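Text of entry.pdb, listed as PDB, C-alpha atoms:
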```
MODEL        1
ATOM      1  CA  MET X   1    -163.642  52.102 -51.582
ATOM      2  CA  ILE X   2    -165.734  54.080 -54.057
ATOM      3  CA  ALA X   3    -164.224  57.358 -52.855
ATOM      4  CA  ARG X   4    -160.753  55.975 -53.565
ATOM      5  CA  GLN X   5    -161.773  54.995 -57.105
ATOM      6  CA  VAL X   6    -163.278  58.410 -57.757
ATOM      7  CA  LYS X   7    -160.182  60.092 -56.347
ATOM      8  CA  GLY X   8    -157.971  57.929 -58.568
ATOM      9  CA  ARG X   9    -160.019  58.764 -61.667
ATOM     10  CA  PHE X  10    -159.912  62.456 -60.820
ATOM     11  CA  ARG X  11    -156.129  62.304 -60.426
ATOM     12  CA  TYR X  12    -155.813  60.492 -63.746
ATOM     13  CA  ALA X  13    -158.017  63.056 -65.522
ATOM     14  CA  TRP X  14    -156.083  65.931 -63.929
ATOM     15  CA  ARG X  15    -152.772  64.392 -65.026
ATOM     16  CA  LYS X  16    -154.036  63.989 -68.607
ATOM     17  CA  ALA X  17    -155.314  67.586 -68.694
ATOM     18  CA  ARG X  18    -152.036  68.901 -67.282
ATOM     19  CA  HIS X  19    -150.064  66.895 -69.845
ATOM     20  CA  PHE X  20    -152.263  68.256 -72.639
ATOM     21  CA  VAL X  21    -151.729  71.857 -71.530
ATOM     22  CA  LEU X  22    -148.006  71.578 -70.877
ATOM     23  CA  HIS X  23    -147.025  69.535 -73.894
ATOM     24  CA  SER X  24    -149.677  69.929 -76.561
ATOM     25  CA  VAL X  25    -150.501  73.597 -76.073
ATOM     26  CA  LEU X  26    -147.417  75.313 -74.709
ATOM     27  CA  HIS X  27    -144.998  73.461 -77.002
ATOM     28  CA  THR X  28    -146.799  74.014 -80.301
ATOM     29  CA  ASP X  29    -145.216  76.031 -83.085
ATOM     30  CA  ASP X  30    -147.939  78.669 -83.019
ATOM     31  CA  PRO X  31    -147.112  82.112 -81.676
ATOM     32  CA  PRO X  32    -148.602  82.994 -78.273
ATOM     33  CA  GLY X  33    -151.141  85.352 -79.844
ATOM     34  CA  ARG X  34    -152.751  82.597 -81.910
ATOM     35  CA  LEU X  35    -152.877  80.230 -78.940
ATOM     36  CA  ALA X  36    -154.387  82.892 -76.687
ATOM     37  CA  LEU X  37    -156.919  83.843 -79.354
ATOM     38  CA  GLY X  38    -157.968  80.196 -79.673
ATOM     39  CA  ALA X  39    -158.532  79.990 -75.918
ATOM     40  CA  ALA X  40    -160.471  83.268 -75.932
ATOM     41  CA  ILE X  41    -162.705  82.076 -78.764
ATOM     42  CA  GLY X  42    -163.386  78.868 -76.850
ATOM     43  CA  VAL X  43    -164.340  80.800 -73.714
ATOM     44  CA  PHE X  44    -166.544  83.172 -75.698
ATOM     45  CA  PHE X  45    -168.594  80.379 -77.246
ATOM     46  CA  ALA X  46    -168.654  78.389 -74.004
ATOM     47  CA  PHE X  47    -170.567  81.262 -72.420
ATOM     48  CA  THR X  48    -173.087  81.732 -75.234
ATOM     49  CA  PRO X  49    -176.319  79.718 -75.263
ATOM     50  CA  THR X  50    -175.425  77.919 -78.482
ATOM     51  CA  PHE X  51    -175.383  74.533 -76.815
ATOM     52  CA  GLY X  52    -174.954  71.769 -79.373
ATOM     53  CA  ILE X  53    -173.176  73.793 -82.059
ATOM     54  CA  GLN X  54    -170.519  75.444 -79.912
ATOM     55  CA  MET X  55    -167.714  73.276 -81.267
ATOM     56  CA  LEU X  56    -168.622  74.080 -84.872
ATOM     57  CA  LEU X  57    -168.755  77.781 -84.061
ATOM     58  CA  VAL X  58    -165.350  77.622 -82.352
ATOM     59  CA  VAL X  59    -163.734  75.883 -85.323
ATOM     60  CA  PHE X  60    -165.300  78.331 -87.788
ATOM     61  CA  ALA X  61    -164.366  81.424 -85.750
ATOM     62  CA  ALA X  62    -160.834  80.107 -85.164
ATOM     63  CA  TRP X  63    -160.457  79.442 -88.880
ATOM     64  CA  LEU X  64    -161.832  82.893 -89.725
ATOM     65  CA  LEU X  65    -159.559  84.690 -87.239
ATOM     66  CA  ARG X  66    -156.561  82.385 -87.878
ATOM     67  CA  ALA X  67    -156.449  81.233 -84.267
ATOM     68  CA  ASN X  68    -155.425  77.842 -82.929
ATOM     69  CA  LYS X  69    -158.384  75.460 -83.231
ATOM     70  CA  ALA X  70    -156.910  72.757 -80.990
ATOM     71  CA  VAL X  71    -156.838  75.126 -78.025
ATOM     72  CA  GLY X  72    -160.363  76.464 -78.475
ATOM     73  CA  LEU X  73    -162.118  73.114 -78.695
ATOM     74  CA  PRO X  74    -161.303  71.742 -75.229
ATOM     75  CA  VAL X  75    -162.006  75.138 -73.677
ATOM     76  CA  VAL X  76    -165.563  75.131 -75.018
ATOM     77  CA  TRP X  77    -166.223  71.951 -73.039
ATOM     78  CA  ILE X  78    -166.439  74.127 -69.927
ATOM     79  CA  SER X  79    -170.128  74.375 -70.712
ATOM     80  CA  ASN X  80    -171.598  70.922 -70.421
ATOM     81  CA  PRO X  81    -174.835  69.570 -68.930
ATOM     82  CA  ALA X  82    -173.283  69.586 -65.451
ATOM     83  CA  THR X  83    -172.271  73.264 -65.623
ATOM     84  CA  MET X  84    -175.111  74.732 -67.689
ATOM     85  CA  MET X  85    -177.050  76.138 -64.741
ATOM     86  CA  LEU X  86    -173.889  77.541 -63.159
ATOM     87  CA  ILE X  87    -173.107  79.413 -66.365
ATOM     88  CA  TYR X  88    -176.461  80.379 -67.837
ATOM     89  CA  TYR X  89    -178.514  81.326 -64.772
ATOM     90  CA  PRO X  90    -176.157  84.111 -63.615
ATOM     91  CA  CYS X  91    -176.033  85.337 -67.222
ATOM     92  CA  TYR X  92    -179.839  85.356 -67.311
ATOM     93  CA  VAL X  93    -179.955  87.372 -64.076
ATOM     94  CA  VAL X  94    -177.435  89.876 -65.496
ATOM     95  CA  GLY X  95    -179.561  90.238 -68.630
ATOM     96  CA  CYS X  96    -182.733  90.755 -66.575
ATOM     97  CA  THR X  97    -180.970  93.374 -64.466
ATOM     98  CA  ILE X  98    -179.737  95.297 -67.510
ATOM     99  CA  LEU X  99    -183.137  95.157 -69.215
ATOM    100  CA  GLY X 100    -184.905  96.132 -65.989
ATOM    101  CA  ARG X 101    -187.045  92.999 -65.983
ATOM    102  CA  GLU X 102    -187.868  90.615 -63.207
ATOM    103  CA  SER X 103    -186.760  87.030 -63.666
ATOM    104  CA  ILE X 104    -189.347  84.337 -64.255
ATOM    105  CA  ASP X 105    -191.253  82.974 -61.284
ATOM    106  CA  SER X 106    -193.854  80.308 -60.536
ATOM    107  CA  ARG X 107    -196.556  82.379 -62.252
ATOM    108  CA  TRP X 108    -194.646  82.105 -65.535
ATOM    109  CA  TRP X 109    -194.460  78.320 -65.201
ATOM    110  CA  THR X 110    -198.165  78.093 -64.338
ATOM    111  CA  ASP X 111    -199.040  80.217 -67.352
ATOM    112  CA  LEU X 112    -196.841  78.011 -69.522
ATOM    113  CA  SER X 113    -198.741  74.883 -68.470
ATOM    114  CA  THR X 114    -202.037  76.205 -69.876
ATOM    115  CA  PRO X 115    -201.491  77.041 -73.566
ATOM    116  CA  PRO X 116    -204.338  78.277 -75.756
ATOM    117  CA  THR X 117    -206.136  75.878 -78.056
ATOM    118  CA  GLY X 118    -205.379  75.889 -81.730
ATOM    119  CA  TRP X 119    -202.157  75.429 -83.614
ATOM    120  CA  TRP X 120    -201.228  79.035 -84.477
ATOM    121  CA  PRO X 121    -202.213  80.578 -81.107
ATOM    122  CA  ALA X 122    -200.165  77.885 -79.342
ATOM    123  CA  ILE X 123    -197.118  78.639 -81.525
ATOM    124  CA  LYS X 124    -197.396  82.369 -80.788
ATOM    125  CA  PHE X 125    -197.913  81.641 -77.078
ATOM    126  CA  TYR X 126    -194.818  79.447 -76.760
ATOM    127  CA  TRP X 127    -192.730  81.812 -78.906
ATOM    128  CA  SER X 128    -193.588  84.799 -76.724
ATOM    129  CA  HIS X 129    -192.744  82.821 -73.590
ATOM    130  CA  LEU X 130    -189.457  81.693 -75.119
ATOM    131  CA  MET X 131    -188.532  85.292 -75.953
ATOM    132  CA  GLU X 132    -189.223  86.336 -72.348
ATOM    133  CA  VAL X 133    -186.327  84.097 -71.326
ATOM    134  CA  ALA X 134    -184.126  84.196 -74.435
ATOM    135  CA  THR X 135    -183.639  87.958 -74.678
ATOM    136  CA  PRO X 136    -182.174  88.486 -71.183
ATOM    137  CA  LEU X 137    -180.282  85.191 -71.431
ATOM    138  CA  TRP X 138    -178.576  86.181 -74.688
ATOM    139  CA  LEU X 139    -177.802  89.683 -73.465
ATOM    140  CA  GLY X 140    -176.277  88.448 -70.207
ATOM    141  CA  CYS X 141    -174.363  85.674 -71.963
ATOM    142  CA  LEU X 142    -172.896  88.019 -74.569
ATOM    143  CA  ILE X 143    -171.753  90.453 -71.886
ATOM    144  CA  ALA X 144    -170.197  87.699 -69.757
ATOM    145  CA  ALA X 145    -168.677  85.974 -72.804
ATOM    146  CA  THR X 146    -167.072  89.176 -74.073
ATOM    147  CA  ILE X 147    -165.579  90.118 -70.714
ATOM    148  CA  LEU X 148    -164.314  86.607 -69.981
ATOM    149  CA  ALA X 149    -162.907  86.150 -73.499
ATOM    150  CA  ILE X 150    -160.907  89.381 -73.240
ATOM    151  CA  LEU X 151    -159.583  88.390 -69.820
ATOM    152  CA  THR X 152    -158.767  84.897 -71.090
ATOM    153  CA  TYR X 153    -156.848  86.287 -74.055
ATOM    154  CA  TYR X 154    -154.598  88.524 -71.963
ATOM    155  CA  PHE X 155    -154.121  85.990 -69.170
ATOM    156  CA  THR X 156    -153.312  83.149 -71.582
ATOM    157  CA  TYR X 157    -151.042  85.316 -73.721
ATOM    158  CA  HIS X 158    -148.938  86.444 -70.764
ATOM    159  CA  LEU X 159    -148.899  82.942 -69.275
ATOM    160  CA  ILE X 160    -147.643  81.393 -72.523
ATOM    161  CA  CYS X 161    -145.034  84.133 -73.034
ATOM    162  CA  ALA X 162    -143.747  83.793 -69.481
ATOM    163  CA  TYR X 163    -143.590  79.998 -69.757
ATOM    164  CA  ARG X 164    -141.758  80.045 -73.080
ATOM    165  CA  LEU X 165    -139.293  82.732 -72.045
ATOM    166  CA  ARG X 166    -138.510  80.866 -68.835
ATOM    167  CA  ARG X 167    -138.296  77.499 -70.585
ATOM    168  CA  TRP X 168    -136.506  78.358 -73.835
ATOM    169  CA  GLY X 169    -135.409  81.971 -73.509
ATOM    170  CA  GLN X 170    -137.478  82.796 -76.610
ATOM    171  CA  LEU X 171    -141.138  82.837 -77.647
ATOM    172  CA  THR X 172    -140.850  80.262 -80.430
ATOM    173  CA  PRO X 173    -139.909  76.649 -79.713
ATOM    174  CA  PRO X 174    -136.282  75.779 -80.454
ATOM    175  CA  VAL X 175    -135.721  73.932 -83.719
TER     176      VAL X 175
ENDMDL
END
```
As structure tokens, the full file:
Amino acid sequence: MIARQVKGRFRYAWRKARHFVLHSVLHTDDPPGRLALGAAIGVFFAFTPTFGIQMLLVVFAAWLLRANKAVGLPVVWISNPATMMLIYYPCYVVGCTILGRESIDSRWWTDLSTPPTGWWPAIKFYWSHLMEVATPLWLGCLIAATILAILTYYFTYHLICAYRLRRWGQLTPPV
């Protein structure tokens, strides 16, 4: 019974997402380049560890680059609490590999549980431990985000062009 309800909700969500893509995105008046750039910006910020301000960054970057904001916002929702580990851990491993570092292990966590006494030494201790993780994470995320954003731009651009040419025989919607 529960499986049927979950399956029904999944179907409903899939139908709504498909409707959004087919009608709200592909039929807008924007040229394919602006739509594809909006999707690429959304993918770029979805793969950066800017969790919490990603939507603001997407809107600002889309405004700055004159891309479609409505396309970039839903794309950034790829990174959510359920997918954070699937996105950020491989990026962290890539960053560690490029920097020639080993990833954190149980020793790091044990060391983290025994901070020094005093306010300023504790701040420096936690900051240094944060940087041990943040540097490879940012490097790996920026590499993955750049590659995936470029691929998203070209894939989305060609997909939109092919759809519009097949549907209308032209790249702009008929008046």
- Task: Quote the spacing between atom CA of Pro116 of chain X and atom CA of Ala134 of chain X in Å to one decimal place.
- Result: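 Those two atoms sit 21.1 Å apart.
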- Item | Test item: residues at most 9 Å from segment 37-39 of chain X, all atoms listed in the file, excluding those fewer than 2 positions along its chain, as an NGL selection string | :X and (32-35 or 41-44 or 58 or 61-62 or 65-76 or 149 or 152-153 or 156-157)
- Interatomic distance (Å, one decimal) between atom CA of Pro90 of chain X and atom CA of Gly140 of chain X: 7.9 Å
- So which one's closest to Phe45 of chain X, X:Leu148, X:Leu159, X:Tyr89, X:Ser103? Using only C-alpha atoms, please.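 Of all the options, X:Leu148 lies closest to Phe45 of chain X.
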Expansion of the PyMOL selection byres ((chain X and resi 143) around 12) into residues, as a CSV table (one decimal) with C-alpha atoms, in the frame of the given file:
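Wrote result.csv, looks like this:
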```
chain,number,residue,atom,x,y,z
X,44,PHE,CA,-166.5,83.2,-75.7
X,45,PHE,CA,-168.6,80.4,-77.2
X,47,PHE,CA,-170.6,81.3,-72.4
X,48,THR,CA,-173.1,81.7,-75.2
X,88,TYR,CA,-176.5,80.4,-67.8
X,90,PRO,CA,-176.2,84.1,-63.6
X,91,CYS,CA,-176.0,85.3,-67.2
X,92,TYR,CA,-179.8,85.4,-67.3
X,93,VAL,CA,-180.0,87.4,-64.1
X,94,VAL,CA,-177.4,89.9,-65.5
X,95,GLY,CA,-179.6,90.2,-68.6
X,98,ILE,CA,-179.7,95.3,-67.5
X,136,PRO,CA,-182.2,88.5,-71.2
X,137,LEU,CA,-180.3,85.2,-71.4
X,138,TRP,CA,-178.6,86.2,-74.7
X,139,LEU,CA,-177.8,89.7,-73.5
X,140,GLY,CA,-176.3,88.4,-70.2
X,141,CYS,CA,-174.4,85.7,-72.0
X,142,LEU,CA,-172.9,88.0,-74.6
X,144,ALA,CA,-170.2,87.7,-69.8
X,145,ALA,CA,-168.7,86.0,-72.8
X,146,THR,CA,-167.1,89.2,-74.1
X,147,ILE,CA,-165.6,90.1,-70.7
X,148,LEU,CA,-164.3,86.6,-70.0
X,149,ALA,CA,-162.9,86.2,-73.5
X,150,ILE,CA,-160.9,89.4,-73.2
```
